[in-house]
$ cat upload-v4.cif   # mmCIF, C-alpha atoms
data_data
#
loop_
_atom_site.label_atom_id
_atom_site.label_comp_id
_atom_site.auth_asym_id
_atom_site.auth_seq_id
_atom_site.Cartn_x
_atom_site.Cartn_y
_atom_site.Cartn_z
CA MET A 23 37.34 5.39 -16.46
CA GLU A 24 35.96 3.34 -13.54
CA LYS A 25 32.23 2.74 -13.27
CA THR A 26 30.68 1.94 -9.90
CA ILE A 27 27.16 0.79 -9.08
CA ILE A 28 25.31 -0.41 -5.98
CA ALA A 29 23.45 -3.68 -6.52
CA GLU A 30 20.98 -5.46 -4.25
CA GLY A 31 19.68 -8.98 -3.72
CA LYS A 32 18.38 -11.40 -1.12
CA THR A 33 21.86 -12.95 -0.89
CA THR A 34 25.36 -11.75 -1.72
CA ASN A 35 25.49 -13.96 -4.81
CA GLU A 36 22.13 -12.68 -6.04
CA ALA A 37 23.21 -9.07 -5.52
CA ILE A 38 26.42 -9.70 -7.49
CA GLU A 39 24.49 -11.42 -10.30
CA ASN A 40 22.09 -8.48 -10.50
CA GLY A 41 25.02 -6.09 -10.71
CA LEU A 42 26.79 -8.12 -13.41
CA LYS A 43 23.61 -8.09 -15.52
CA GLU A 44 23.45 -4.30 -15.31
CA LEU A 45 27.16 -3.79 -15.99
CA ASN A 46 27.10 -6.49 -18.69
CA VAL A 47 30.63 -7.68 -17.89
CA PRO A 48 32.08 -10.97 -16.58
CA ARG A 49 32.78 -11.44 -12.86
CA ASN A 50 36.58 -11.32 -13.22
CA LEU A 51 36.46 -7.72 -14.45
CA VAL A 52 34.64 -6.37 -11.41
CA ASN A 53 35.79 -5.49 -7.89
CA VAL A 54 33.10 -6.29 -5.31
CA LYS A 55 32.68 -4.80 -1.84
CA VAL A 56 29.88 -6.08 0.39
CA LEU A 57 28.11 -3.13 2.04
CA GLU A 58 25.39 -5.05 3.87
CA ASN A 59 25.86 -8.74 4.60
CA GLU A 60 22.97 -11.18 4.91
CA ASP A 61 24.42 -12.47 8.21
CA LYS A 62 24.17 -9.09 9.93
CA ARG A 63 20.54 -9.28 10.98
CA SER A 64 19.16 -8.57 14.43
CA PHE A 65 16.26 -10.30 16.15
CA PHE A 66 14.05 -7.27 15.48
CA SER A 67 14.76 -7.29 11.73
CA ILE A 68 14.01 -10.96 11.14
CA LEU A 69 10.55 -10.20 9.76
CA THR A 70 11.77 -7.54 7.34
CA PRO A 71 12.77 -8.43 3.76
CA ARG A 72 16.38 -9.60 3.49
CA ILE A 73 18.43 -7.17 1.39
CA VAL A 74 22.16 -7.42 0.68
CA LYS A 75 23.95 -4.47 -0.92
CA VAL A 76 27.24 -4.72 -2.78
CA GLU A 77 29.38 -2.03 -4.37
CA MET A 78 30.66 -3.14 -7.78
CA THR A 79 33.38 -1.31 -9.70
CA ILE A 80 34.57 -2.20 -13.19
CA LYS A 81 38.34 -2.59 -13.21
CA ASP A 82 40.50 -0.10 -15.11
CA THR A 83 39.29 -0.38 -18.71
CA ASN A 84 42.58 1.04 -19.97
CA LYS A 85 44.37 -2.08 -18.81
CA VAL A 86 41.91 -4.72 -19.95
CA GLU A 87 39.44 -5.03 -22.76
CA ILE A 88 35.89 -5.56 -21.49
CA GLN A 89 33.93 -8.31 -23.15
CA PRO A 90 30.19 -8.87 -22.68
CA LYS A 91 29.34 -11.40 -20.02
CA LYS A 92 29.14 -14.89 -21.52
CA GLU A 93 25.85 -16.60 -20.88
CA THR A 94 25.68 -20.23 -19.77
CA ILE A 95 24.81 -22.63 -22.58
CA LEU A 96 22.10 -25.07 -21.53
CA ASN A 97 22.27 -28.71 -22.57
CA GLN A 98 19.21 -30.68 -23.68
CA GLN A 99 18.77 -32.34 -20.27
CA GLU A 100 18.78 -28.98 -18.49
CA LYS A 101 16.25 -27.57 -20.96
CA GLU A 102 13.90 -30.53 -20.46
CA LYS A 103 14.23 -30.44 -16.66
CA ALA A 104 13.65 -26.66 -16.53
CA THR A 105 10.59 -26.99 -18.77
CA GLN A 106 9.16 -29.76 -16.58
CA ASN A 107 9.71 -27.66 -13.44
CA ILE A 108 7.98 -24.64 -14.94
CA GLU A 109 5.07 -26.63 -16.39
CA LYS A 110 4.41 -28.29 -13.03
CA PHE A 111 4.14 -24.87 -11.39
CA LEU A 112 2.15 -23.22 -14.18
CA LYS A 113 -0.49 -25.96 -14.38
CA GLU A 114 -1.37 -25.27 -10.75
CA PHE A 115 -0.92 -21.50 -11.15
CA MET A 116 -3.33 -21.39 -14.11
CA THR A 117 -6.17 -22.62 -11.89
CA LYS A 118 -5.88 -19.36 -9.93
CA LEU A 119 -6.08 -17.16 -13.02
CA PRO A 120 -9.07 -16.03 -15.13
CA GLU A 121 -10.68 -18.62 -17.38
CA GLY A 122 -9.08 -18.79 -20.81
CA THR A 123 -5.56 -17.99 -19.62
CA SER A 124 -2.90 -19.95 -21.48
CA TYR A 125 0.88 -20.17 -21.53
CA GLN A 126 3.69 -21.09 -23.88
CA ILE A 127 7.20 -22.24 -23.01
CA GLU A 128 10.13 -22.05 -25.42
CA THR A 129 13.79 -22.83 -24.79
CA THR A 130 16.88 -21.28 -26.35
CA GLN A 131 20.55 -22.06 -25.88
CA THR A 132 20.81 -19.73 -22.90
CA HIS A 133 17.36 -19.28 -21.33
CA VAL A 134 13.71 -20.30 -21.12
CA MET A 135 10.97 -18.02 -22.45
CA VAL A 136 7.51 -18.08 -20.88
CA ASN A 137 4.55 -16.19 -22.31
CA ILE A 138 1.25 -15.98 -20.43
CA THR A 139 -1.77 -14.82 -22.43
CA ASN A 140 -5.06 -13.28 -21.28
CA LYS A 141 -6.42 -9.74 -21.58
CA ASN A 142 -7.37 -9.62 -17.89
CA LEU A 143 -3.93 -10.05 -16.34
CA GLY A 144 -2.96 -6.44 -15.69
CA TYR A 145 -2.59 -7.21 -11.97
CA LEU A 146 0.12 -9.78 -12.83
CA ILE A 147 2.08 -7.07 -14.63
CA GLY A 148 1.79 -4.42 -11.93
CA TYR A 149 3.02 -0.84 -12.01
CA ARG A 150 5.79 -0.59 -14.62
CA GLY A 151 6.07 -4.39 -14.61
CA GLU A 152 7.07 -4.76 -10.96
CA THR A 153 4.83 -7.79 -10.37
CA LEU A 154 5.88 -9.34 -13.68
CA TYR A 155 9.59 -9.10 -12.80
CA ALA A 156 8.95 -10.55 -9.34
CA LEU A 157 7.12 -13.51 -10.92
CA GLN A 158 9.96 -13.87 -13.42
CA ASN A 159 12.45 -14.26 -10.55
CA ILE A 160 10.22 -16.87 -8.93
CA LEU A 161 10.04 -18.81 -12.20
CA SER A 162 13.83 -18.72 -12.51
CA SER A 163 14.16 -20.28 -9.05
CA ILE A 164 11.53 -22.91 -9.86
CA ALA A 165 13.13 -23.73 -13.22
CA SER A 166 16.55 -24.17 -11.58
CA LYS A 167 15.36 -26.79 -9.08
CA GLY A 168 17.52 -29.90 -9.41
CA ILE A 169 19.83 -28.23 -11.96
CA GLU A 170 23.41 -27.20 -11.24
CA ASN A 171 23.25 -24.01 -13.33
CA ARG A 172 20.75 -21.27 -12.51
CA ILE A 173 18.20 -21.14 -15.31
CA ARG A 174 17.44 -17.70 -16.71
CA VAL A 175 13.72 -17.30 -17.35
CA ILE A 176 12.32 -14.46 -19.46
CA LEU A 177 8.64 -13.92 -18.71
CA ASP A 178 6.22 -11.88 -20.77
CA ILE A 179 2.50 -11.34 -20.19
CA GLU A 180 0.24 -10.26 -23.05
CA GLY A 181 3.21 -8.79 -24.95
CA TYR A 182 3.90 -6.23 -22.21
CA LYS A 183 7.68 -6.19 -22.64
CA ALA A 184 7.62 -5.47 -26.36
CA LYS A 185 5.18 -2.60 -25.79
CA ARG A 186 7.23 -1.27 -22.88
CA GLU A 187 10.48 -1.51 -24.84
CA LYS A 188 8.97 0.51 -27.70
CA THR A 189 7.75 3.13 -25.19
CA LEU A 190 11.23 3.36 -23.64
CA GLU A 191 12.95 3.70 -27.00
CA ASP A 192 10.58 6.50 -28.00
CA LEU A 193 11.22 8.17 -24.63
CA ALA A 194 15.00 7.88 -25.10
CA GLU A 195 14.84 9.60 -28.49
CA LYS A 196 12.58 12.35 -27.20
CA VAL A 197 14.77 13.03 -24.16
CA ALA A 198 17.94 13.03 -26.29
CA LYS A 199 16.48 15.67 -28.60
CA THR A 200 15.51 17.81 -25.59
CA VAL A 201 19.00 17.52 -24.07
CA ILE A 202 20.64 18.51 -27.36
CA ARG A 203 18.27 21.46 -27.79
CA THR A 204 18.49 22.80 -24.23
CA LYS A 205 22.05 21.64 -23.46
CA LYS A 206 20.76 20.54 -20.04
CA SER A 207 20.94 17.05 -18.54
CA ILE A 208 17.71 15.19 -17.79
CA LYS A 209 17.28 12.69 -14.96
CA LEU A 210 14.74 9.97 -15.74
CA GLU A 211 12.47 8.27 -13.22
CA PRO A 212 13.68 5.08 -11.46
CA MET A 213 13.57 1.98 -13.67
CA GLN A 214 14.22 -1.75 -13.59
CA ALA A 215 17.73 -2.82 -14.67
CA TYR A 216 16.28 -4.27 -17.89
CA GLU A 217 14.55 -0.98 -18.71
CA ARG A 218 17.69 1.05 -18.03
CA LYS A 219 19.54 -1.26 -20.42
CA VAL A 220 17.01 -0.45 -23.16
CA ILE A 221 17.65 3.29 -22.69
CA HIS A 222 21.44 2.84 -22.63
CA SER A 223 21.38 0.67 -25.76
CA LYS A 224 19.13 3.05 -27.67
CA LEU A 225 21.33 6.08 -27.02
CA GLN A 226 24.81 4.58 -27.08
CA GLN A 227 25.15 5.23 -30.83
CA ASN A 228 24.18 8.89 -30.49
CA PRO A 229 27.46 10.83 -30.90
CA LYS A 230 26.19 13.81 -28.91
CA ILE A 231 24.66 11.97 -25.93
CA GLU A 232 25.93 9.98 -22.97
CA THR A 233 23.97 8.08 -20.32
CA THR A 234 24.91 7.19 -16.76
CA SER A 235 23.10 5.32 -14.00
CA VAL A 236 22.96 6.83 -10.50
CA GLY A 237 21.41 5.95 -7.15
CA GLU A 238 20.65 2.67 -5.43
CA GLU A 239 18.04 0.02 -6.20
CA PRO A 240 15.08 0.23 -6.36
CA HIS A 241 15.50 3.97 -6.99
CA ARG A 242 18.33 3.74 -9.51
CA ARG A 243 17.81 5.96 -12.55
CA ILE A 244 19.47 7.23 -15.71
CA ILE A 245 20.88 10.69 -16.41
CA VAL A 246 20.94 11.70 -20.07
CA SER A 247 23.46 14.46 -20.85
CA LEU A 248 25.60 15.97 -23.58
CA LYS A 249 28.98 14.41 -24.19
CA LYS A 250 31.78 16.58 -22.93
#

$ encode --input "upload-v4.cif" --output "structure tokens"
Amino acid sequence: MEKTIIAEGKTTNEAIENGLKELNVPRNLVNVKVLENEDKRSFFSILTPRIVKVEMTIKDTNKVEIQPKKETILNQQEKEKATQNIEKFLKEFMTKLPEGTSYQIETTQTHVMVNITNKNLGYLIGYRGETLYALQNILSSIASKGIENRIRVILDIEGYKAKREKTLEDLAEKVAKTVIRTKKSIKLEPMQAYERKVIHSKLQQNPKIETTSVGEEPHRRIIVSLKK
């Protein structure tokens, strides 16, 4: 069965990358149709945020086995360069934050993890992590400067993501029980792609429940329903 989503980004490539992360499949297994191109901008829209929309459809899964998207393996030179880029930015950024704020940077084979610590940084997290995810994208761009591969940065502030993930998993279980009891589908509120993935992952092993994503970013949401 084909699965289609609408993904967005500041460029076509960014929109496609965002879509691939949500679908969790490699590029060769997806058909892409550009709905709004970054070149189609009028004089009057030049001051508005640039948004490119692409329609992405997974190819017929009956003809090809889908494998999870393979992440880029970073070499030691890329790790060191990415860390230097991030540290240069954060040292200046820390001077704008409350006294006592600190950060840690760790590298793995596939990404760089940044953790910023201070109890008074709620404004850097924002509503449902919107500001945090925006800062995470900025850090990814900064980390990738001078490196051929785009560096994936995972940012956390005061353990927000772990707390949010636990909240989402509890929500998924609660909603699943309600759907099974009432036999009625439930549409959740719009979420970030990462948060939708937590819900999908939590419920994918439930034999009675299925989850689907509907709508367009940033209003894309999950529908939890009984399996037919």

$ atom_distance --input "upload-v4.cif" --atom1 "CA of His133 (chain A)" --atom2 "CA of Gly148 (chain A)"
23.5 Å

$ atom_distance --input "upload-v4.cif" --atom1 "CA of Gln158 (chain A)" --atom2 "CA of Thr33 (chain A)"
17.3 Å

$ resolve_selection --input "upload-v4.cif" --expression "the PyMOL selection byres ((chain A and resi 126) around 7)" --output "list in words"
Tyr125, Ile127, Glu128, Val136, Asn137 and Ile138 of chain A

$ write_last_selection --input "upload-v4.cif" --atoms "C-alpha atoms" --output "PDB file, keeping the file's coordinate frame"
ATOM      1  CA  TYR A 125       0.880 -20.170 -21.530  1.00  0.00           C
ATOM      2  CA  ILE A 127       7.200 -22.240 -23.010  1.00  0.00           C
ATOM      3  CA  GLU A 128      10.130 -22.050 -25.420  1.00  0.00           C
ATOM      4  CA  VAL A 136       7.510 -18.080 -20.880  1.00  0.00           C
ATOM      5  CA  ASN A 137       4.550 -16.190 -22.310  1.00  0.00           C
ATOM      6  CA  ILE A 138       1.250 -15.980 -20.430  1.00  0.00           C
TER       7      ILE A 138
END

$ resolve_selection --input "upload-v4.cif" --expression "the PyMOL selection byres ((chain A and resi 120) around 12)" --output "list in words"
Phe115, Met116, Thr117, Lys118, Leu119, Glu121, Gly122, Thr123, Ser124, Ile138, Thr139, Asn140, Lys141, Asn142, Leu143, Gly144, Tyr145 and Leu146 of chain A

$ residues_around --input "upload-v4.cif" --residues "Thr233 (chain A)" --least-positions-apart "6" --cutoff "8 Å" --atoms "all atoms listed in the file" --output "VMD selection string"
chain A and resid 222 225 to 226 244 to 247

$ closest_residue --input "upload-v4.cif" --among "A:Ile231, A:Val236, A:Ile95, A:Leu42" --to "Glu211 (chain A)" --atoms "all atoms listed in the file"
A:Val236

$ resolve_selection --input "upload-v4.cif" --expression "the PyMOL selection byres ((chain A and resi 199) around 12)" --output "JSON, numbers by chain"
{"A": [192, 193, 194, 195, 196, 197, 198, 200, 201, 202, 203, 204, 205, 206, 207, 208, 225, 228, 230, 231, 246, 247, 248]}

$ closest_residue --input "upload-v4.cif" --among "A:Lys209, A:Tyr149, A:Lys188, A:Tyr155" --to "Gly237 (chain A)" --atoms "all atoms listed in the file"
A:Lys209

$ closest_residue --input "upload-v4.cif" --among "A:Lys25, A:Lys224, A:Lys183, A:His241" --to "Asn46 (chain A)" --atoms "only C-alpha atoms"
A:Lys25

$ atom_distance --input "upload-v4.cif" --atom1 "CA of Gly31 (chain A)" --atom2 "CA of Glu239 (chain A)"
9.5 Å

$ residues_around --input "upload-v4.cif" --residues "Lys101 (chain A)" --least-positions-apart "6" --cutoff "9 Å" --atoms "all atoms listed in the file" --output "PyMOL selection string"
chain A and resi 129-131+133-134+173

$ axis_aligned_box --input "upload-v4.cif" --around "region 194-202 of chain A" --padding-each-side "4 Å" --output "AutoDock Vina command-line options"
--center_x 16.6 --center_y 13.2 --center_z -26.3 --size_x 16.1 --size_y 18.6 --size_z 12.5

$ residues_around --input "upload-v4.cif" --residues "Gln99 (chain A)" --least-positions-apart "3" --cutoff "12 Å" --atoms "only C-alpha atoms" --output "ChimeraX atom specification"
/A:95-96,102-106,129,131,168-171

$ write_last_selection --input "upload-v4.cif" --atoms "C-alpha atoms" --output "short mmCIF file (atom, residue, chain, number, x, y, z; two decimals), in the coordinates of the input"
data_model
loop_
_atom_site.label_atom_id
_atom_site.label_comp_id
_atom_site.auth_asym_id
_atom_site.auth_seq_id
_atom_site.Cartn_x
_atom_site.Cartn_y
_atom_site.Cartn_z
CA ILE A 95 24.81 -22.63 -22.58
CA LEU A 96 22.10 -25.07 -21.53
CA GLU A 102 13.90 -30.53 -20.46
CA LYS A 103 14.23 -30.44 -16.66
CA ALA A 104 13.65 -26.66 -16.53
CA THR A 105 10.59 -26.99 -18.77
CA GLN A 106 9.16 -29.76 -16.58
CA THR A 129 13.79 -22.83 -24.79
CA GLN A 131 20.55 -22.06 -25.88
CA GLY A 168 17.52 -29.90 -9.41
CA ILE A 169 19.83 -28.23 -11.96
CA GLU A 170 23.41 -27.20 -11.24
CA ASN A 171 23.25 -24.01 -13.33
#

$ residues_around --input "upload-v4.cif" --residues "Ile80 (chain A)" --least-positions-apart "3" --cutoff "7 Å" --atoms "all atoms listed in the file" --output "list in words"
Glu24, Lys25, Thr26, Leu51, Val52 and Asn53 of chain A

$ closest_residue --input "upload-v4.cif" --among "A:Thr132, A:Asp178, A:Phe111, A:Lys81" --to "Gln98 (chain A)" --atoms "all atoms listed in the file"
A:Thr132

$ residues_around --input "upload-v4.cif" --residues "Val220 (chain A)" --least-positions-apart "4" --cutoff "8 Å" --atoms "only C-alpha atoms" --output "ChimeraX atom specification"
/A:187,190-191,216,224

$ closest_residue --input "upload-v4.cif" --among "A:Ser162, A:Leu57, A:Leu210, A:Lys75" --to "Gly41 (chain A)" --atoms "only C-alpha atoms"
A:Lys75
